[in-house]
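Trainee: Structure below; questions to follow.
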Amino acid sequence: MNAPDHALKVTDEALVASGRQVLEIEAQALSAVRAALGADFAAACRRLLACEGRVVCTGMGKSGHIATKIAATLASTGTPAFFMHPGEASHGDLGMVTDADVVLALSNSGESEEILAIVPALRRQGNVLITMTGRPESSLARLADVHLDARVPAEACPLGLAPTSSTTAALALGDALAVALLEARGFTAEDFARSHPAGALGRRLLLRIRDVMHAGDDVPVVRDDATVSAALLEMSRKRLGMTAVVDAGGVLRGVFTDGDLRRCLDDEDTDLKTAPVSALMGRTPKTIGADALAVEAAHLMEEHKISALVVVDADRRVVGALNIHDLLRARVV
């Protein structure tokens, strides 16, 4: 669609000024909601913490979009929740709501007909009703067990029509609920990762070294009485750019790497066929445990500028090995 002539004449400065004005109005709206936060917020959190079912978030129009996001945020932070469209609820979807559920209803006016239509059924079933409106005197606010005041001084829309500040305030208030509940439950980053197994955070917080390391016959290992030549053959077979060097009990003594090999080649006095690998290996290699997070290996490699690690148990016996390519394949880095 072509822009009208007057739109083409608007300067960049005017566009930026308009954007800043909107952000300023919405920042003021958030300040107002923050100032109003008090006992009702704590009461809402208590009801949600005591909920033995799920939190059913509902709203119509733009409030419905915000309710959908609040439900998603709650669900991902330890509070089971889902969105229910209030219009569909009157035509059968109320069957999704059990008597153990808490209903969180959003309506800026507090007079949404679709929501008011289902409140009697929720009341008969015994559901706790938490409402979030911009009018504490509204019908929906008066019907609530707990009402959250989401009033804002003004919408950012210059016409005062499009929901802008009010939806921002409702969204932020939903985030405040979710985070307060998260902290009250002692919800951890690992708990969060369990609900995000396919995401980058899930991989970083759930993937362990044992999940990505080479084990058994795939681990490059030679005895400490082996020659450099034997170590090179082991490195070539296992293709990790290094080999662990162990004693007769399998305890790690050192590591021989591609870098050590290059240094040997620069030394004319070293005979690769007969030189003992123990004389040329690194004696203080960086290691990691099999139960450590894979992301810890990435940090260790980056910090020490190395590309491979030996995995050892509590007695420093070699149980595995991995390199940076293993972490790349697992999308840890």
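Chain labels follow the order of the structure tokens: the first chain is A, the next B, and so on; residue numbering restarts at 1 in every chain, and ligands are counted from 1 in their shown order.
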Might you pull out every residue within 6 Å of A:Ala294, with only C-alpha atoms counted and same-chain residues fewer than 3 positions away left off, and present them as a list in words?
Mentor: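 Near neighbours after the sequence-gap exclusion: Leu207, Arg208, Ile209 and Ala297 of chain A.
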Trainee: Since we have the selection now, will you write its residues out, keeping N, CA and C atoms, as an mmCIF file, in the first residue's frame?
Mentor:
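Here's the written file out_27.cif:
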```cif
data_model
loop_
_atom_site.group_PDB
_atom_site.id
_atom_site.type_symbol
_atom_site.label_atom_id
_atom_site.label_comp_id
_atom_site.auth_asym_id
_atom_site.auth_seq_id
_atom_site.Cartn_x
_atom_site.Cartn_y
_atom_site.Cartn_z
ATOM 1 N N LEU A 207 23.032 -30.715 29.096
ATOM 2 C CA LEU A 207 23.984 -31.619 28.463
ATOM 3 C C LEU A 207 25.226 -31.788 29.330
ATOM 4 N N ARG A 208 25.538 -33.031 29.647
ATOM 5 C CA ARG A 208 26.699 -33.340 30.478
ATOM 6 C C ARG A 208 27.858 -33.835 29.617
ATOM 7 N N ILE A 209 29.047 -33.823 30.190
ATOM 8 C CA ILE A 209 30.236 -34.295 29.491
ATOM 9 C C ILE A 209 30.046 -35.729 29.019
ATOM 10 N N ALA A 297 33.169 -27.457 29.810
ATOM 11 C CA ALA A 297 34.305 -27.841 28.965
ATOM 12 C C ALA A 297 34.615 -26.731 27.971
#
```
Trainee: Run DSSP on the backbone and give me the residues of stretch 26-158 of chain A it puts in alpha helix (DSSP H), as a ChimeraX atom specification.
Mentor: /A:26-36,39-49,62-76,86-89,113-125,139-143
Trainee: Can I get the selection written as a tab-separated table (two decimals), in the first residue's frame, with C-alpha atoms?
Mentor:
```
chain	number	residue	atom	x	y	z
A	26	GLU	CA	4.81	3.73	28.63
A	27	ALA	CA	7.64	4.15	31.14
A	28	GLN	CA	5.37	6.43	33.16
A	29	ALA	CA	2.64	3.80	32.93
A	30	LEU	CA	4.95	1.16	34.37
A	31	SER	CA	5.95	3.52	37.18
A	32	ALA	CA	2.28	4.02	38.04
A	33	VAL	CA	1.62	0.26	38.15
A	34	ARG	CA	4.72	-0.25	40.26
A	35	ALA	CA	3.55	2.36	42.75
A	36	ALA	CA	0.15	0.64	43.02
A	39	ALA	CA	-1.14	-6.34	49.34
A	40	ASP	CA	-3.33	-7.44	46.43
A	41	PHE	CA	-0.26	-8.56	44.51
A	42	ALA	CA	0.94	-10.63	47.46
A	43	ALA	CA	-2.57	-12.11	47.81
A	44	ALA	CA	-2.58	-13.07	44.13
A	45	CYS	CA	0.81	-14.75	44.51
A	46	ARG	CA	-0.44	-16.68	47.55
A	47	ARG	CA	-3.48	-17.95	45.63
A	48	LEU	CA	-1.29	-19.00	42.71
A	49	LEU	CA	1.23	-20.73	44.97
A	62	LYS	CA	-5.27	-7.43	22.79
A	63	SER	CA	-5.74	-8.54	26.40
A	64	GLY	CA	-5.99	-12.07	25.05
A	65	HIS	CA	-2.60	-11.75	23.36
A	66	ILE	CA	-1.11	-10.55	26.64
A	67	ALA	CA	-2.82	-13.37	28.55
A	68	THR	CA	-1.33	-15.87	26.09
A	69	LYS	CA	2.15	-14.56	26.77
A	70	ILE	CA	1.61	-14.56	30.53
A	71	ALA	CA	0.47	-18.19	30.37
A	72	ALA	CA	3.59	-19.11	28.40
A	73	THR	CA	5.86	-17.30	30.86
A	74	LEU	CA	4.21	-18.92	33.86
A	75	ALA	CA	4.44	-22.38	32.30
A	76	SER	CA	8.14	-22.00	31.54
A	86	PRO	CA	-13.16	-16.52	26.58
A	87	GLY	CA	-15.41	-16.65	23.50
A	88	GLU	CA	-14.67	-20.32	22.91
A	89	ALA	CA	-15.05	-21.00	26.62
A	113	GLU	CA	-18.74	-9.39	27.84
A	114	GLU	CA	-17.06	-12.66	26.87
A	115	ILE	CA	-15.29	-12.91	30.23
A	116	LEU	CA	-18.26	-11.75	32.30
A	117	ALA	CA	-20.35	-14.42	30.58
A	118	ILE	CA	-18.20	-17.26	31.95
A	119	VAL	CA	-17.66	-15.93	35.48
A	120	PRO	CA	-20.90	-17.46	36.87
A	121	ALA	CA	-19.86	-20.92	35.65
A	122	LEU	CA	-16.42	-20.50	37.20
A	123	ARG	CA	-18.05	-19.39	40.45
A	124	ARG	CA	-20.33	-22.43	40.52
A	125	GLN	CA	-17.32	-24.66	40.04
A	139	SER	CA	-17.77	-5.37	37.02
A	140	LEU	CA	-14.93	-7.85	36.57
A	141	ALA	CA	-12.85	-6.29	39.35
A	142	ARG	CA	-15.77	-6.48	41.79
A	143	LEU	CA	-16.38	-10.15	41.01
```
Trainee: Pick the closest to A:Thr167 from A:Leu240, A:Ala231, A:Ala248, A:Met60: which is it, counting only C-alpha atoms?
Mentor: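 Smallest separation from A:Thr167 among the options: A:Met60.
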Trainee: How far is it from atom CA of A:Arg253 to atom CA of A:Gly241, in Å with one decimal?
Mentor: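 Computing the Euclidean distance for atom CA of A:Arg253 and atom CA of A:Gly241 yields 17.4 Å.
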Trainee: Counting only C-alpha atoms, figure out which residue out of A:Val97, A:Thr77, A:Val22, A:Asp260 gets nearest to A:Glu183.
Mentor: A:Thr77
Trainee: Would you kindly return, as a ChimeraX atom specification, each protein, DNA or RNA residue with an atom no farther than 7 Å from any atom of A:Asp149, considering only C-alpha atoms and excluding same-chain residues fewer than 4 positions away?
Mentor: /A:36,132-134,136
Trainee: May I have all residues of stretch 58-297 of chain A that DSSP, computed from the backbone, assigns to strand (DSSP E), given as a PyMOL selection string?
Mentor: chain A and resi 58-59+81-83+102-106+128-133+146-149+221-223+242-246+252-257+287-288
Trainee: Skip A:Leu182 itself and residues of its chain fewer than 4 positions away, then list as a PDB file with all heavy atoms, in the first residue's frame all residues within 9 Å of it, counting only C-alpha atoms.
Mentor:
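Output contents, as saved in selection_2.pdb:
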```pdb
ATOM      1  N   LEU A  74       4.465 -18.154  32.654  1.00  0.00           N
ATOM      2  CA  LEU A  74       4.211 -18.921  33.865  1.00  0.00           C
ATOM      3  C   LEU A  74       4.606 -20.384  33.675  1.00  0.00           C
ATOM      4  O   LEU A  74       5.287 -20.976  34.508  1.00  0.00           O
ATOM      5  CB  LEU A  74       2.729 -18.829  34.246  1.00  0.00           C
ATOM      6  CG  LEU A  74       2.240 -17.490  34.810  1.00  0.00           C
ATOM      7  CD1 LEU A  74       0.714 -17.480  34.900  1.00  0.00           C
ATOM      8  CD2 LEU A  74       2.842 -17.222  36.187  1.00  0.00           C
ATOM      9  N   THR A  77       8.267 -21.151  33.811  1.00  0.00           N
ATOM     10  CA  THR A  77       8.981 -20.796  35.046  1.00  0.00           C
ATOM     11  C   THR A  77       8.412 -21.514  36.265  1.00  0.00           C
ATOM     12  O   THR A  77       8.532 -21.035  37.394  1.00  0.00           O
ATOM     13  CB  THR A  77       8.943 -19.270  35.277  1.00  0.00           C
ATOM     14  OG1 THR A  77       7.581 -18.809  35.226  1.00  0.00           O
ATOM     15  CG2 THR A  77       9.756 -18.542  34.233  1.00  0.00           C
ATOM     16  N   GLY A  78       7.783 -22.660  36.047  1.00  0.00           N
ATOM     17  CA  GLY A  78       7.391 -23.505  37.167  1.00  0.00           C
ATOM     18  C   GLY A  78       5.950 -23.439  37.609  1.00  0.00           C
ATOM     19  O   GLY A  78       5.576 -24.087  38.584  1.00  0.00           O
ATOM     20  N   THR A  79       5.128 -22.644  36.915  1.00  0.00           N
ATOM     21  CA  THR A  79       3.708 -22.551  37.262  1.00  0.00           C
ATOM     22  C   THR A  79       2.886 -23.055  36.081  1.00  0.00           C
ATOM     23  O   THR A  79       2.733 -22.340  35.087  1.00  0.00           O
ATOM     24  CB  THR A  79       3.310 -21.098  37.593  1.00  0.00           C
ATOM     25  OG1 THR A  79       4.100 -20.622  38.685  1.00  0.00           O
ATOM     26  CG2 THR A  79       1.832 -21.013  37.969  1.00  0.00           C
ATOM     27  N   LEU A 177       4.339 -11.282  38.336  1.00  0.00           N
ATOM     28  CA  LEU A 177       3.748 -12.460  38.970  1.00  0.00           C
ATOM     29  C   LEU A 177       4.632 -13.689  38.752  1.00  0.00           C
ATOM     30  O   LEU A 177       4.931 -14.433  39.690  1.00  0.00           O
ATOM     31  CB  LEU A 177       2.353 -12.731  38.395  1.00  0.00           C
ATOM     32  CG  LEU A 177       1.194 -11.873  38.889  1.00  0.00           C
ATOM     33  CD1 LEU A 177      -0.055 -12.178  38.070  1.00  0.00           C
ATOM     34  CD2 LEU A 177       0.923 -12.113  40.376  1.00  0.00           C
ATOM     35  N   ALA A 178       5.028 -13.901  37.495  1.00  0.00           N
ATOM     36  CA  ALA A 178       5.805 -15.092  37.162  1.00  0.00           C
ATOM     37  C   ALA A 178       7.130 -15.125  37.909  1.00  0.00           C
ATOM     38  O   ALA A 178       7.537 -16.171  38.438  1.00  0.00           O
ATOM     39  CB  ALA A 178       6.045 -15.142  35.649  1.00  0.00           C
ATOM     40  N   GLY A 186      11.686 -21.368  44.535  1.00  0.00           N
ATOM     41  CA  GLY A 186      13.081 -21.791  44.462  1.00  0.00           C
ATOM     42  C   GLY A 186      13.409 -22.403  43.119  1.00  0.00           C
ATOM     43  O   GLY A 186      14.270 -23.286  43.007  1.00  0.00           O
ATOM     44  N   PHE A 187      12.734 -21.934  42.074  1.00  0.00           N
ATOM     45  CA  PHE A 187      12.918 -22.442  40.713  1.00  0.00           C
ATOM     46  C   PHE A 187      14.319 -22.095  40.229  1.00  0.00           C
ATOM     47  O   PHE A 187      14.779 -20.962  40.362  1.00  0.00           O
ATOM     48  CB  PHE A 187      11.875 -21.796  39.810  1.00  0.00           C
ATOM     49  CG  PHE A 187      11.698 -22.432  38.464  1.00  0.00           C
ATOM     50  CD1 PHE A 187      10.963 -23.587  38.317  1.00  0.00           C
ATOM     51  CD2 PHE A 187      12.241 -21.841  37.326  1.00  0.00           C
ATOM     52  CE1 PHE A 187      10.768 -24.161  37.070  1.00  0.00           C
ATOM     53  CE2 PHE A 187      12.051 -22.407  36.083  1.00  0.00           C
ATOM     54  CZ  PHE A 187      11.315 -23.570  35.951  1.00  0.00           C
ATOM     55  N   THR A 188      15.048 -23.076  39.684  1.00  0.00           N
ATOM     56  CA  THR A 188      16.443 -22.886  39.296  1.00  0.00           C
ATOM     57  C   THR A 188      16.611 -22.821  37.778  1.00  0.00           C
ATOM     58  O   THR A 188      15.691 -23.132  37.021  1.00  0.00           O
ATOM     59  CB  THR A 188      17.315 -24.036  39.820  1.00  0.00           C
ATOM     60  OG1 THR A 188      16.910 -25.257  39.160  1.00  0.00           O
ATOM     61  CG2 THR A 188      17.153 -24.198  41.326  1.00  0.00           C
TER      62      THR A 188
END
```
Trainee: What is the atom CA of A:Leu106 to atom CA of A:Pro80 distance in Å?
Mentor: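 Taking atom CA of A:Leu106 and atom CA of A:Pro80, their separation equals 17.8 Å.
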Trainee: Env of stretch 269-281 of chain A: 10 Å cut, atoms = only C-alpha atoms, seq-sep filter 4 positions within chain, self excluded. Answer as a list in words.
Mentor: Val222, Arg223, Asp224, Asp225, Ala226, Thr227, Val228, Ser229, Ala230, Ala231, Leu232, Thr243, Ala244, Val245, Val246, Arg253, Gly254, Val255, Phe256, Thr257, Gly259, Asp260, Leu261, Arg263, Cys264, Leu265 and Pro285 of chain A
Trainee: Give me the residues within 7 Å of stretch 307-316 of chain A as a PyMOL selection string, counting only C-alpha atoms and dropping any in the same chain fewer than 3 places off.
Mentor: chain A and resi 244+251-252+286-290+301+319-324
Trainee: Find the spatial neighbours of A:Thr58, counting only C-alpha atoms, within a cut-off of 6 Å - ignore same-chain residues fewer than 5 positions away - and output them as JSON, numbers by chain.
Mentor: {"A": [67, 83, 84, 85, 105]}
Trainee: In Å, rounded to a single decimal, give me how far atom CA of A:Asp217 is from atom CA of A:Arg262.
Mentor: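 Distance between the two atoms: 25.9 Å.
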